[in-house]
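Structure file coords30.txt; described as compact mmCIF, C-alpha atoms.
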# COMPACT_ATOMS: atom_id res chain seq x y z
CA GLU A 1306 -14.26 25.33 -22.80
CA ASP A 1307 -13.38 25.19 -19.13
CA GLN A 1308 -11.40 22.15 -18.19
CA VAL A 1309 -8.98 20.55 -15.80
CA THR A 1310 -6.08 18.52 -17.18
CA GLN A 1311 -3.82 16.28 -15.13
CA SER A 1312 -0.48 14.87 -16.14
CA PRO A 1313 0.97 12.38 -16.34
CA GLU A 1314 -1.90 9.88 -16.61
CA ALA A 1315 0.21 7.27 -14.86
CA LEU A 1316 3.45 7.39 -12.91
CA ARG A 1317 5.62 4.59 -11.57
CA LEU A 1318 8.19 5.51 -8.94
CA GLN A 1319 10.71 3.57 -6.93
CA GLU A 1320 10.24 3.90 -3.18
CA GLY A 1321 12.06 7.07 -2.12
CA GLU A 1322 12.06 8.59 -5.63
CA SER A 1323 10.48 12.05 -5.38
CA SER A 1324 8.35 13.49 -8.17
CA SER A 1325 5.54 15.93 -8.99
CA LEU A 1326 2.05 15.62 -10.43
CA ASN A 1327 0.58 18.44 -12.48
CA CYS A 1328 -2.93 19.89 -12.67
CA SER A 1329 -3.57 22.67 -15.16
CA TYR A 1330 -6.88 24.47 -15.40
CA THR A 1331 -8.61 26.86 -17.74
CA VAL A 1332 -11.60 28.29 -15.90
CA SER A 1333 -12.99 31.79 -16.05
CA GLY A 1334 -12.33 32.44 -12.38
CA LEU A 1335 -10.95 30.24 -9.64
CA ARG A 1336 -12.70 29.94 -6.29
CA GLY A 1337 -10.64 27.01 -5.09
CA LEU A 1338 -8.49 24.09 -6.20
CA PHE A 1339 -8.63 20.76 -4.40
CA TRP A 1340 -6.53 17.62 -4.32
CA TYR A 1341 -8.04 14.25 -3.50
CA ARG A 1342 -6.64 10.74 -3.24
CA GLN A 1343 -8.69 7.79 -4.47
CA ASP A 1344 -7.97 4.13 -3.79
CA PRO A 1345 -9.50 1.52 -6.13
CA GLY A 1346 -13.22 1.00 -5.56
CA LYS A 1347 -13.42 3.69 -2.89
CA GLY A 1348 -14.57 7.28 -2.70
CA PRO A 1349 -12.03 10.09 -3.01
CA GLU A 1350 -10.35 11.28 0.19
CA PHE A 1351 -9.72 14.99 0.67
CA LEU A 1352 -6.11 16.12 0.84
CA PHE A 1353 -5.76 19.90 0.30
CA THR A 1354 -7.55 23.10 -0.65
CA LEU A 1355 -5.70 25.99 -2.31
CA TYR A 1356 -7.35 29.35 -2.93
CA SER A 1357 -4.80 31.75 -4.34
CA ALA A 1358 -1.62 31.76 -6.39
CA GLY A 1359 1.45 31.29 -4.24
CA GLU A 1360 -0.35 29.27 -1.62
CA GLU A 1361 1.23 26.02 -0.40
CA LYS A 1362 -0.07 23.22 1.83
CA GLU A 1363 1.81 20.23 3.26
CA LYS A 1364 0.81 16.93 4.75
CA GLU A 1365 3.37 14.24 5.53
CA ARG A 1366 5.15 13.45 2.24
CA LEU A 1367 2.80 15.58 0.12
CA LYS A 1368 3.04 19.26 -0.73
CA ALA A 1369 0.59 21.13 -2.95
CA THR A 1370 1.34 24.43 -4.64
CA LEU A 1371 -0.74 26.76 -6.79
CA THR A 1372 0.04 29.23 -9.57
CA LYS A 1373 -2.38 31.21 -11.71
CA LYS A 1374 -2.86 28.39 -14.20
CA GLU A 1375 -1.70 25.18 -12.54
CA SER A 1376 -1.09 23.28 -9.37
CA PHE A 1377 1.56 20.77 -8.46
CA LEU A 1378 1.41 17.92 -6.00
CA HIS A 1379 4.94 17.14 -4.90
CA ILE A 1380 5.60 13.72 -3.41
CA THR A 1381 8.80 13.46 -1.39
CA ALA A 1382 10.37 10.05 -0.74
CA PRO A 1383 7.15 8.15 -1.53
CA LYS A 1384 6.26 4.84 0.07
CA PRO A 1385 4.22 1.97 -1.43
CA GLU A 1386 1.21 3.08 0.63
CA ASP A 1387 1.16 6.32 -1.37
CA SER A 1388 0.06 4.32 -4.40
CA ALA A 1389 -3.36 5.63 -5.46
CA THR A 1390 -5.02 7.86 -8.03
CA TYR A 1391 -4.60 11.54 -7.26
CA LEU A 1392 -7.42 13.78 -8.42
CA CYS A 1393 -7.44 17.52 -8.86
CA ALA A 1394 -10.71 19.49 -8.77
CA VAL A 1395 -11.54 23.11 -9.50
CA ASP A 1396 -14.41 25.22 -8.18
CA ASP A 1397 -14.97 28.15 -10.50
CA THR A 1398 -16.78 31.46 -10.16
CA GLY A 1399 -19.38 30.21 -12.63
CA ASN A 1400 -20.65 27.87 -9.89
CA GLN A 1401 -19.25 24.79 -11.63
CA PHE A 1402 -17.05 22.09 -10.19
CA TYR A 1403 -14.69 20.09 -12.38
CA PHE A 1404 -12.55 17.06 -11.61
CA GLY A 1405 -9.53 16.07 -13.66
CA THR A 1406 -9.16 12.47 -14.81
CA GLY A 1407 -6.39 11.85 -12.30
CA THR A 1408 -2.85 10.56 -12.11
CA SER A 1409 -2.46 6.91 -11.19
CA LEU A 1410 0.61 6.62 -8.98
CA THR A 1411 2.37 3.33 -8.31
CA VAL A 1412 5.25 3.24 -5.84
CA ILE A 1413 7.41 0.15 -6.16
CA PRO A 1414 9.18 -1.18 -3.05
CA ASP B 1253 -14.80 5.66 7.29
CA SER B 1254 -15.87 9.13 6.11
CA GLY B 1255 -19.20 9.10 7.97
CA VAL B 1256 -21.16 9.33 4.71
CA THR B 1257 -23.37 6.34 4.00
CA GLN B 1258 -24.81 5.24 0.68
CA THR B 1259 -27.30 2.53 -0.14
CA PRO B 1260 -27.43 0.22 -1.91
CA LYS B 1261 -23.81 -0.79 -2.54
CA HIS B 1262 -24.66 -2.55 -5.78
CA LEU B 1263 -27.63 -2.27 -8.08
CA ILE B 1264 -28.32 -4.29 -11.21
CA THR B 1265 -31.26 -3.34 -13.37
CA ALA B 1266 -32.47 -3.31 -16.95
CA THR B 1267 -32.65 -0.59 -19.57
CA GLY B 1268 -35.73 1.60 -19.28
CA GLN B 1269 -36.07 1.08 -15.55
CA ARG B 1270 -35.96 3.64 -12.72
CA VAL B 1271 -33.82 3.43 -9.60
CA THR B 1272 -33.26 5.50 -6.46
CA LEU B 1273 -29.92 5.90 -4.75
CA ARG B 1274 -29.81 7.09 -1.16
CA CYS B 1275 -27.22 9.09 0.76
CA SER B 1276 -26.91 10.09 4.40
CA PRO B 1277 -24.37 12.86 5.01
CA ARG B 1278 -22.01 13.17 7.95
CA SER B 1279 -23.62 14.47 11.10
CA GLY B 1280 -23.70 18.27 10.95
CA ASP B 1281 -23.02 18.58 7.22
CA LEU B 1282 -25.56 20.66 5.35
CA SER B 1283 -24.36 20.14 1.77
CA VAL B 1284 -24.78 16.99 -0.25
CA TYR B 1285 -23.18 16.40 -3.64
CA TRP B 1286 -23.75 13.70 -6.24
CA TYR B 1287 -21.11 12.48 -8.69
CA GLN B 1288 -20.95 9.93 -11.47
CA GLN B 1289 -17.70 8.09 -12.14
CA SER B 1290 -17.23 6.03 -15.24
CA LEU B 1291 -14.07 4.64 -16.81
CA ASP B 1292 -14.22 6.85 -19.87
CA GLN B 1293 -15.35 10.13 -18.29
CA GLY B 1294 -13.81 10.20 -14.84
CA LEU B 1295 -15.59 11.86 -11.95
CA GLN B 1296 -18.44 14.12 -13.09
CA PHE B 1297 -20.20 16.55 -10.78
CA LEU B 1298 -23.96 16.15 -11.05
CA ILE B 1299 -25.64 18.36 -8.45
CA GLN B 1300 -25.27 19.98 -5.04
CA TYR B 1301 -27.91 20.60 -2.39
CA TYR B 1302 -27.44 22.85 0.60
CA ASN B 1303 -29.88 22.60 3.50
CA GLY B 1304 -32.66 21.34 1.26
CA GLU B 1305 -32.15 23.75 -1.62
CA GLU B 1306 -30.43 23.15 -4.94
CA ARG B 1307 -27.12 25.08 -4.85
CA ALA B 1308 -25.34 24.10 -8.05
CA LYS B 1309 -25.98 21.92 -11.06
CA GLY B 1310 -23.37 20.21 -13.19
CA ASN B 1311 -23.67 17.65 -15.98
CA ILE B 1312 -26.89 16.10 -14.77
CA LEU B 1313 -29.15 14.59 -17.41
CA GLU B 1314 -32.84 15.48 -17.53
CA ARG B 1315 -33.61 11.82 -16.81
CA PHE B 1316 -31.89 12.24 -13.45
CA SER B 1317 -33.24 14.17 -10.50
CA ALA B 1318 -32.27 14.61 -6.89
CA GLN B 1319 -33.62 16.05 -3.69
CA GLN B 1320 -32.52 16.68 -0.14
CA PHE B 1321 -35.00 16.03 2.63
CA PRO B 1322 -35.53 17.94 5.92
CA ASP B 1323 -33.41 15.39 7.78
CA LEU B 1324 -30.65 16.24 5.21
CA HIS B 1325 -30.46 12.83 3.59
CA SER B 1326 -30.56 12.90 -0.18
CA GLU B 1327 -31.85 10.72 -2.98
CA LEU B 1328 -30.75 10.55 -6.60
CA ASN B 1329 -33.40 9.25 -8.98
CA LEU B 1330 -32.33 7.82 -12.31
CA SER B 1331 -35.04 7.02 -14.85
CA SER B 1332 -35.32 5.58 -18.36
CA LEU B 1333 -31.98 3.94 -17.72
CA GLU B 1334 -29.57 3.33 -20.58
CA LEU B 1335 -26.52 1.08 -20.82
CA GLY B 1336 -24.32 4.16 -20.62
CA ASP B 1337 -25.65 5.02 -17.18
CA SER B 1338 -23.69 2.11 -15.73
CA ALA B 1339 -21.18 3.72 -13.38
CA LEU B 1340 -20.18 4.33 -9.80
CA TYR B 1341 -22.34 6.99 -8.17
CA PHE B 1342 -20.79 8.82 -5.26
CA CYS B 1343 -22.37 11.06 -2.70
CA ALA B 1344 -20.29 13.53 -0.73
CA SER B 1345 -21.08 15.98 2.03
CA SER B 1346 -19.56 19.13 3.48
CA VAL B 1347 -20.30 21.46 6.34
CA GLY B 1348 -21.15 24.60 4.40
CA GLY B 1349 -22.42 25.59 1.01
CA ARG B 1350 -19.01 26.40 -0.37
CA ARG B 1351 -17.47 23.45 -2.23
CA GLY B 1352 -14.49 23.01 0.06
CA GLU B 1353 -13.50 19.86 1.88
CA GLN B 1354 -15.91 17.14 0.86
CA PHE B 1355 -16.28 13.74 2.47
CA PHE B 1356 -17.19 10.99 0.04
CA GLY B 1357 -19.29 7.92 0.65
CA PRO B 1358 -18.33 4.44 -0.53
CA GLY B 1359 -20.44 4.72 -3.68
CA THR B 1360 -23.21 2.77 -5.35
CA ARG B 1361 -22.23 0.66 -8.33
CA LEU B 1362 -25.03 0.69 -10.89
CA THR B 1363 -25.07 -1.87 -13.67
CA VAL B 1364 -27.66 -1.48 -16.42
CA LEU B 1365 -28.14 -4.60 -18.53
Any chance you could give the structure as structure tokens?
Amino acid sequence: EDQVTQSPEALRLQEGESSSLNCSYTVSGLRGLFWYRQDPGKGPEFLFTLYSAGEEKEKERLKATLTKKESFLHITAPKPEDSATYLCAVDDTGNQFYFGTGTSLTVIP
Amino acid sequence: DSGVTQTPKHLITATGQRVTLRCSPRSGDLSVYWYQQSLDQGLQFLIQYYNGEERAKGNILERFSAQQFPDLHSELNLSSLELGDSALYFCASSVGGRRGEQFFGPGTRLTVL
């Protein structure tokens, strides 16, 4: 069964402590992989799109990378305002779109 | 503010009833998507419309239906409501038909009693 799995479910970091979030996927064919940020009670906010293995995208303290079976969201020197749930989504060649259940990130001052 | 508007913000209704959720996409966006987010199942893709036509269908129940009108706004109709339909319903929009960068609305919280 096609699916998107994110790990860890929750992550607590000290301010300035870098780390990575993982998104692994098992779809028949990948058209695109997306990262979104969601704050409590709000709609997800688009961060990145990755289309092929080896691709990387950066935005401020965030960097997303993609391999054939997984993607990583690297957070460098996080700040408390980076606290949110980070969602990974996959668009597959079967015309389906799957979201992972997210990683809840808390950055402690 | 993403530019996507959804009404109503909150909706409380009873089992067996029917409700309609409304979404206005960002100006210029031709695609509209509907999602359901519940605590136990995360964000589930329901359906996508592109310029008035159904483009892709996800885990949408037969009791649910949607449409996109000529002015590009969309409505999601939920009927024969069950307790398990209680969730946040999000609408998103994008410029093209390909499911790239999507802009999400603030959501409609549906409570079925």
*Using all atoms listed in the file, find the one residue out of B:Glu1327, B:Asp1253, B:Glu1334, B:Glu1314 that sits nearest to chain A.*
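Closest candidate: B:Asp1253.
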*CA of Pro1349 in chain A and CA of Pro1322 in chain B are how many Å apart?*
26.3 Å
*Please return, as a VMD selection string, all residues of chain A lying within 6 Å of chain B when only C-alpha atoms are considered.*
chain A and resid 1347 to 1348 1406
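One finds CA of Leu1328 in chain B at 29.3 Å from CA of Ser1333 in chain A.
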_Distance of CA of His1379 in chain A from CA of Arg1366 in chain A, expressed in Å to one decimal place_ =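 That distance, rounded to one decimal, is 8.0 Å.
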*Closest to Pro1277 in chain B among B:Thr1265, B:Thr1259, B:Ser1346, B:Gln1319, using only C-alpha atoms?*
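Answer, going by the shortest atom-to-atom distance: B:Ser1346.
Every protein, DNA or RNA residue with an atom at most 12 Å from range 1315-1318 of chain A, where only C-alpha atoms count and chain neighbours fewer than 6 positions away do not, is listed here: A:Ser1324, A:Ser1325, A:Leu1326, A:Asn1327, A:Ile1380, A:Thr1381, A:Ala1382, A:Pro1383, A:Lys1384, A:Pro1385, A:Asp1387, A:Ser1388, A:Ala1389, A:Thr1390, A:Tyr1391, A:Leu1392, A:Thr1406, A:Gly1407, A:Thr1408, A:Ser1409, A:Leu1410, A:Thr1411, A:Val1412, A:Ile1413, A:Pro1414.
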Excluding same-chain residues fewer than 4 positions from Leu1282 in chain B, what lies within 9 Å of it counting only C-alpha atoms, as an mmCIF file with C-alpha atoms, keeping the file's coordinate frame?
data_model
loop_
_atom_site.group_PDB
_atom_site.id
_atom_site.type_symbol
_atom_site.label_atom_id
_atom_site.label_comp_id
_atom_site.auth_asym_id
_atom_site.auth_seq_id
_atom_site.Cartn_x
_atom_site.Cartn_y
_atom_site.Cartn_z
ATOM 1 C CA PRO B 1277 -24.370 12.860 5.010
ATOM 2 C CA ARG B 1278 -22.010 13.170 7.950
ATOM 3 C CA TYR B 1301 -27.910 20.600 -2.390
ATOM 4 C CA TYR B 1302 -27.440 22.850 0.600
ATOM 5 C CA ASN B 1303 -29.880 22.600 3.500
ATOM 6 C CA GLY B 1304 -32.660 21.340 1.260
ATOM 7 C CA LEU B 1324 -30.650 16.240 5.210
ATOM 8 C CA SER B 1345 -21.080 15.980 2.030
ATOM 9 C CA SER B 1346 -19.560 19.130 3.480
ATOM 10 C CA VAL B 1347 -20.300 21.460 6.340
ATOM 11 C CA GLY B 1348 -21.150 24.600 4.400
ATOM 12 C CA GLY B 1349 -22.420 25.590 1.010
#
_Counting all atoms listed in the file, which residue out of B:Val1271, B:Val1284, B:Ile1264, B:Leu1365 sits closest to Leu1335 in chain B?_
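The shortest atom-to-atom distance to Leu1335 in chain B comes from B:Leu1365.
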*Contact residues around Val1332 in chain A with all atoms listed in the file at 10 Å, ignoring same-chain residues under 5 positions, as a PyMOL selection string*: chain A and resi 1306-1309+1374+1395-1399+1401+1403
*asked:* as a PyMOL selection string, please: the residues near Phe1353 in chain A (cut-off 7 Å, only C-alpha atoms, same-chain neighbours under 6 positions excluded).
replied: chain A and resi 1339-1340+1362
_Best match for closeness to Gln1288 in chain B among B:Ala1266, B:Glu1305, B:Leu1273, B:Ser1326, counting only C-alpha atoms_ = B:Leu1273
*asked:* Nearest residue to Lys1368 in chain A out of A:Tyr1330, A:Pro1345, A:Ser1323, A:Gly1405, using all atoms listed in the file?
replied: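 For Lys1368 in chain A, the nearest of the given residues is A:Ser1323.
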*Would you kindly return, as a VMD selection string, each protein, DNA or RNA residue with an atom no farther than 9 Å from any atom of Asp1337 in chain B, considering all atoms listed in the file and excluding same-chain residues fewer than 6 positions away?*
chain B and resid 1288 1290 1330 1362 to 1364
Model the absent atoms of range 1306-1332 of chain A so that N, CA, C and O atoms are present, and write the result as a PDB file, keeping the file's coordinate frame.
ATOM      1  N   GLU A1306     -13.494  26.134 -23.774  1.00  0.00           N
ATOM      2  CA  GLU A1306     -14.260  25.330 -22.800  1.00  0.00           C
ATOM      3  C   GLU A1306     -13.445  25.155 -21.530  1.00  0.00           C
ATOM      4  O   GLU A1306     -12.268  24.859 -21.583  1.00  0.00           O
ATOM      5  N   ASP A1307     -14.077  25.370 -20.397  1.00  0.00           N
ATOM      6  CA  ASP A1307     -13.380  25.190 -19.130  1.00  0.00           C
ATOM      7  C   ASP A1307     -12.992  23.732 -18.937  1.00  0.00           C
ATOM      8  O   ASP A1307     -13.755  22.832 -19.255  1.00  0.00           O
ATOM      9  N   GLN A1308     -11.786  23.527 -18.448  1.00  0.00           N
ATOM     10  CA  GLN A1308     -11.400  22.150 -18.190  1.00  0.00           C
ATOM     11  C   GLN A1308     -10.235  22.071 -17.226  1.00  0.00           C
ATOM     12  O   GLN A1308      -9.548  23.040 -16.954  1.00  0.00           O
ATOM     13  N   VAL A1309     -10.075  20.866 -16.711  1.00  0.00           N
ATOM     14  CA  VAL A1309      -8.980  20.550 -15.800  1.00  0.00           C
ATOM     15  C   VAL A1309      -8.215  19.382 -16.411  1.00  0.00           C
ATOM     16  O   VAL A1309      -8.810  18.364 -16.740  1.00  0.00           O
ATOM     17  N   THR A1310      -6.916  19.545 -16.561  1.00  0.00           N
ATOM     18  CA  THR A1310      -6.080  18.520 -17.180  1.00  0.00           C
ATOM     19  C   THR A1310      -4.992  18.102 -16.214  1.00  0.00           C
ATOM     20  O   THR A1310      -4.278  18.948 -15.676  1.00  0.00           O
ATOM     21  N   GLN A1311      -4.856  16.791 -16.023  1.00  0.00           N
ATOM     22  CA  GLN A1311      -3.820  16.280 -15.130  1.00  0.00           C
ATOM     23  C   GLN A1311      -2.799  15.487 -15.928  1.00  0.00           C
ATOM     24  O   GLN A1311      -3.125  14.775 -16.863  1.00  0.00           O
ATOM     25  N   SER A1312      -1.553  15.633 -15.509  1.00  0.00           N
ATOM     26  CA  SER A1312      -0.480  14.870 -16.140  1.00  0.00           C
ATOM     27  C   SER A1312       0.579  14.493 -15.105  1.00  0.00           C
ATOM     28  O   SER A1312       0.742  15.209 -14.107  1.00  0.00           O
ATOM     29  N   PRO A1313       1.265  13.371 -15.311  1.00  0.00           N
ATOM     30  CA  PRO A1313       0.970  12.380 -16.340  1.00  0.00           C
ATOM     31  C   PRO A1313      -0.273  11.572 -15.983  1.00  0.00           C
ATOM     32  O   PRO A1313      -0.782  11.679 -14.876  1.00  0.00           O
ATOM     33  N   GLU A1314      -0.759  10.750 -16.916  1.00  0.00           N
ATOM     34  CA  GLU A1314      -1.900   9.880 -16.610  1.00  0.00           C
ATOM     35  C   GLU A1314      -1.500   8.810 -15.615  1.00  0.00           C
ATOM     36  O   GLU A1314      -2.285   8.406 -14.766  1.00  0.00           O
ATOM     37  N   ALA A1315      -0.279   8.311 -15.750  1.00  0.00           N
ATOM     38  CA  ALA A1315       0.210   7.270 -14.860  1.00  0.00           C
ATOM     39  C   ALA A1315       1.679   7.530 -14.562  1.00  0.00           C
ATOM     40  O   ALA A1315       2.412   8.064 -15.405  1.00  0.00           O
ATOM     41  N   LEU A1316       2.082   7.149 -13.357  1.00  0.00           N
ATOM     42  CA  LEU A1316       3.450   7.390 -12.910  1.00  0.00           C
ATOM     43  C   LEU A1316       3.896   6.234 -12.030  1.00  0.00           C
ATOM     44  O   LEU A1316       3.185   5.870 -11.095  1.00  0.00           O
ATOM     45  N   ARG A1317       5.041   5.661 -12.383  1.00  0.00           N
ATOM     46  CA  ARG A1317       5.620   4.590 -11.570  1.00  0.00           C
ATOM     47  C   ARG A1317       6.903   5.110 -10.956  1.00  0.00           C
ATOM     48  O   ARG A1317       7.783   5.609 -11.674  1.00  0.00           O
ATOM     49  N   LEU A1318       7.015   5.024  -9.648  1.00  0.00           N
ATOM     50  CA  LEU A1318       8.190   5.510  -8.940  1.00  0.00           C
ATOM     51  C   LEU A1318       8.769   4.401  -8.068  1.00  0.00           C
ATOM     52  O   LEU A1318       8.023   3.558  -7.546  1.00  0.00           O
ATOM     53  N   GLN A1319      10.070   4.422  -7.912  1.00  0.00           N
ATOM     54  CA  GLN A1319      10.710   3.570  -6.930  1.00  0.00           C
ATOM     55  C   GLN A1319      10.465   4.195  -5.550  1.00  0.00           C
ATOM     56  O   GLN A1319      10.370   5.425  -5.418  1.00  0.00           O
ATOM     57  N   GLU A1320      10.372   3.381  -4.541  1.00  0.00           N
ATOM     58  CA  GLU A1320      10.240   3.900  -3.180  1.00  0.00           C
ATOM     59  C   GLU A1320      11.381   4.873  -2.907  1.00  0.00           C
ATOM     60  O   GLU A1320      12.556   4.558  -3.156  1.00  0.00           O
ATOM     61  N   GLY A1321      11.040   6.067  -2.417  1.00  0.00           N
ATOM     62  CA  GLY A1321      12.060   7.070  -2.120  1.00  0.00           C
ATOM     63  C   GLY A1321      12.357   8.029  -3.266  1.00  0.00           C
ATOM     64  O   GLY A1321      13.054   9.025  -3.074  1.00  0.00           O
ATOM     65  N   GLU A1322      11.809   7.743  -4.457  1.00  0.00           N
ATOM     66  CA  GLU A1322      12.060   8.590  -5.630  1.00  0.00           C
ATOM     67  C   GLU A1322      11.027   9.702  -5.695  1.00  0.00           C
ATOM     68  O   GLU A1322       9.867   9.478  -6.034  1.00  0.00           O
ATOM     69  N   SER A1323      11.409  10.910  -5.412  1.00  0.00           N
ATOM     70  CA  SER A1323      10.480  12.050  -5.380  1.00  0.00           C
ATOM     71  C   SER A1323      10.048  12.465  -6.785  1.00  0.00           C
ATOM     72  O   SER A1323      10.805  12.298  -7.750  1.00  0.00           O
ATOM     73  N   SER A1324       8.846  13.032  -6.883  1.00  0.00           N
ATOM     74  CA  SER A1324       8.350  13.490  -8.170  1.00  0.00           C
ATOM     75  C   SER A1324       7.197  14.468  -7.963  1.00  0.00           C
ATOM     76  O   SER A1324       6.816  14.759  -6.818  1.00  0.00           O
ATOM     77  N   SER A1325       6.652  14.978  -9.061  1.00  0.00           N
ATOM     78  CA  SER A1325       5.540  15.930  -8.990  1.00  0.00           C
ATOM     79  C   SER A1325       4.451  15.555  -9.977  1.00  0.00           C
ATOM     80  O   SER A1325       4.734  15.075 -11.083  1.00  0.00           O
ATOM     81  N   LEU A1326       3.216  15.789  -9.566  1.00  0.00           N
ATOM     82  CA  LEU A1326       2.050  15.620 -10.430  1.00  0.00           C
ATOM     83  C   LEU A1326       1.537  17.012 -10.782  1.00  0.00           C
ATOM     84  O   LEU A1326       1.564  17.924  -9.950  1.00  0.00           O
ATOM     85  N   ASN A1327       1.015  17.143 -12.005  1.00  0.00           N
ATOM     86  CA  ASN A1327       0.580  18.440 -12.480  1.00  0.00           C
ATOM     87  C   ASN A1327      -0.924  18.495 -12.694  1.00  0.00           C
ATOM     88  O   ASN A1327      -1.541  17.515 -13.137  1.00  0.00           O
ATOM     89  N   CYS A1328      -1.513  19.632 -12.384  1.00  0.00           N
ATOM     90  CA  CYS A1328      -2.930  19.890 -12.670  1.00  0.00           C
ATOM     91  C   CYS A1328      -3.026  21.281 -13.278  1.00  0.00           C
ATOM     92  O   CYS A1328      -2.736  22.276 -12.600  1.00  0.00           O
ATOM     93  N   SER A1329      -3.405  21.357 -14.540  1.00  0.00           N
ATOM     94  CA  SER A1329      -3.570  22.670 -15.160  1.00  0.00           C
ATOM     95  C   SER A1329      -5.056  22.917 -15.392  1.00  0.00           C
ATOM     96  O   SER A1329      -5.818  21.982 -15.645  1.00  0.00           O
ATOM     97  N   TYR A1330      -5.464  24.157 -15.277  1.00  0.00           N
ATOM     98  CA  TYR A1330      -6.880  24.470 -15.400  1.00  0.00           C
ATOM     99  C   TYR A1330      -7.104  25.710 -16.245  1.00  0.00           C
ATOM    100  O   TYR A1330      -6.275  26.617 -16.277  1.00  0.00           O
ATOM    101  N   THR A1331      -8.244  25.709 -16.926  1.00  0.00           N
ATOM    102  CA  THR A1331      -8.610  26.860 -17.740  1.00  0.00           C
ATOM    103  C   THR A1331     -10.059  27.207 -17.416  1.00  0.00           C
ATOM    104  O   THR A1331     -10.972  26.857 -18.157  1.00  0.00           O
ATOM    105  N   VAL A1332     -10.261  27.861 -16.292  1.00  0.00           N
ATOM    106  CA  VAL A1332     -11.600  28.290 -15.900  1.00  0.00           C
ATOM    107  C   VAL A1332     -11.640  29.816 -15.887  1.00  0.00           C
ATOM    108  O   VAL A1332     -10.605  30.472 -15.806  1.00  0.00           O
TER     109      VAL A1332
END
